[in-house]
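Trainee: Shown below is the structure under consideration.
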Amino acid sequence: MLLGDISGITITNVEAVPGRKVTEHYGVVQGSTVRAKHVGRDIMAGLKNLVGGELKGYTQLLQDARKDAVERMARQASELGANAVINVRFATSSVTQGAAEILAYGTAVKLGDDAH
Amino acid sequence: MLIEFLIVVFLLVLGFTSGKLLELRHYKSIREREARWSAVPAVTFRTLPDQRPVAASVLVAGSVVISIDFWKRFLSGLRSIFGGELLSYSPLFDRARREAVLRMKESCPKADLFLNLRFETVSISKGAGRRIGSVEVLAYSTAIRYADEVRSEETR
């Protein structure tokens with residue numbers, strides 16, 4: 001899944017945007033979402049557990065959640081006036097039974113117009 | 001009592017056969033796709049290995065949630081009595097990581113290089129009791145497209 005195209009903000013997980021110069025730092029921005037799985041998916045997952053393999057429902061759920069988290073992070077960055085978020089990291093923590101928090105965080109920066 | 005025993009045996013056989021079958025099929029697909037993508041490397045460097053101009057860079061991710069079959073879970077239950085390596089789990093993680101990397105690559109077919117690949121593994125079975133032994137594997141990196149690349153236009 002492409003995560004860098006969201007709301008016109010360039011996103012990378014390295015310390016720079018290759019080929020561009022960072023002109024200003026805005027500090028850490030983050031986006032997170034807490035998701036619960038629903039019962040239907042749980043039952044399907046329980047069945048799938050017997051034969052093993054991919055649990056597509058959960059894959060989808062976590063993908064959507066991660067996309068949301070990145071989107072929120074990008075929105076926070078654009079509110080600060082940044083046009084890129086660099087060095088993005090993901091973290092996940094389980095909050096309660098059957099729910100998880102997906103967190104994306106990075107450094108909001110402004111890039112100069114020195115693209116090749 | 002006998003019925004319960006038969007059900008467990010049935011589940012073990014089902015888990016063993018279908019788990020094995022799915023694993024073989026999955027490995028076949030992984031090998032084919034990896035061969036197709038071998039020209040576009042994913043590296044764990046944090047900086048570009050060469051000084052070529054870059055046209056675009058973008059964050060990409062691929063993920064998969066997988067679970068272990070009944071037979072392997074039974075084996076790992078036995079193993080946890082004696083300790084030692086849970087061999088039945090290793091192919092599971094291997095498959096998941098390689099699948100995640102492939103999905104990441106497939107989401108960005110125009111890339112020339114995937115920089116700073118990172119893996120994250122999340123156990124989403126926490127709190128669901130011991131019934132569900134599933135993990136999510138996430139692979140993410142920065143896709144790079146060079147400005148000067150001479151491409152044999154999209155054979156991929």
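Naming scheme: A, B, ... for chains in displayed order of the structure tokens; residues 1 onward per chain; ligands 1 onward as shown.
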Residues of chain A near chain B: apply a cut-off of 6 Å, count only C-alpha atoms, and supply the list as a list in words.
Mentor: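 The contacting residues on chain A are Met1, Leu2, Leu3, Gly4, Ile11, Thr12, Asn13, Val14, Gly19, Asn49, Leu50, Val51, Gly52, Gly53, Glu54, Leu55, Thr59 and Gln97 of chain A.
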Trainee: Just list as a VMD selection string whatever in stretch 12-75 of chain B DSSP marks as alpha helix (DSSP H).
Mentor: chain B and resid 12 to 36 70 to 75
Trainee: Can you list, as a PDB file with all heavy atoms, in the first residue's frame, every protein, DNA or RNA residue that comes within 6 Å of A:Leu103 when you count only C-alpha atoms, leaving out same-chain residues fewer than 6 positions away?
Mentor:
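Generated output (result.pdb):
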ATOM      1  N   GLY A  31       0.071  10.477  14.420  1.00  0.00           N
ATOM      2  CA  GLY A  31      -1.329  10.175  14.170  1.00  0.00           C
ATOM      3  C   GLY A  31      -1.602   8.792  14.716  1.00  0.00           C
ATOM      4  O   GLY A  31      -0.761   7.904  14.589  1.00  0.00           O
ATOM      5  N   SER A  32      -2.753   8.603  15.341  1.00  0.00           N
ATOM      6  CA  SER A  32      -3.028   7.268  15.855  1.00  0.00           C
ATOM      7  C   SER A  32      -4.510   6.955  15.759  1.00  0.00           C
ATOM      8  O   SER A  32      -5.342   7.837  15.604  1.00  0.00           O
ATOM      9  CB  SER A  32      -2.558   7.129  17.300  1.00  0.00           C
ATOM     10  OG  SER A  32      -3.482   7.718  18.171  1.00  0.00           O
ATOM     11  N   PHE A  90       6.371   3.198  12.856  1.00  0.00           N
ATOM     12  CA  PHE A  90       5.073   2.673  13.279  1.00  0.00           C
ATOM     13  C   PHE A  90       5.203   1.984  14.625  1.00  0.00           C
ATOM     14  O   PHE A  90       6.228   1.379  14.924  1.00  0.00           O
ATOM     15  CB  PHE A  90       4.549   1.640  12.276  1.00  0.00           C
ATOM     16  CG  PHE A  90       4.144   2.233  10.971  1.00  0.00           C
ATOM     17  CD1 PHE A  90       4.897   2.028   9.835  1.00  0.00           C
ATOM     18  CD2 PHE A  90       2.996   3.003  10.882  1.00  0.00           C
ATOM     19  CE1 PHE A  90       4.520   2.570   8.620  1.00  0.00           C
ATOM     20  CE2 PHE A  90       2.620   3.552   9.668  1.00  0.00           C
ATOM     21  CZ  PHE A  90       3.385   3.338   8.534  1.00  0.00           C
ATOM     22  N   ALA A  91       4.158   2.058  15.426  1.00  0.00           N
ATOM     23  CA  ALA A  91       4.135   1.316  16.682  1.00  0.00           C
ATOM     24  C   ALA A  91       2.720   0.818  16.908  1.00  0.00           C
ATOM     25  O   ALA A  91       1.752   1.428  16.449  1.00  0.00           O
ATOM     26  CB  ALA A  91       4.585   2.199  17.839  1.00  0.00           C
TER      27      ALA A  91
END
Trainee: Have a look at atom CA of A:Val34 and atom CA of B:Phe93 and let me know their distance in Å, one decimal.
Mentor: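 Separation of atom CA of A:Val34 and atom CA of B:Phe93: 25.3 Å.
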Trainee: When you count only C-alpha atoms, which of these residues is closest to A:Ser93: A:Thr33, A:Ala45, A:Pro18, A:Ala77?
Mentor: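 Closest residue, counting only C-alpha atoms: A:Thr33.
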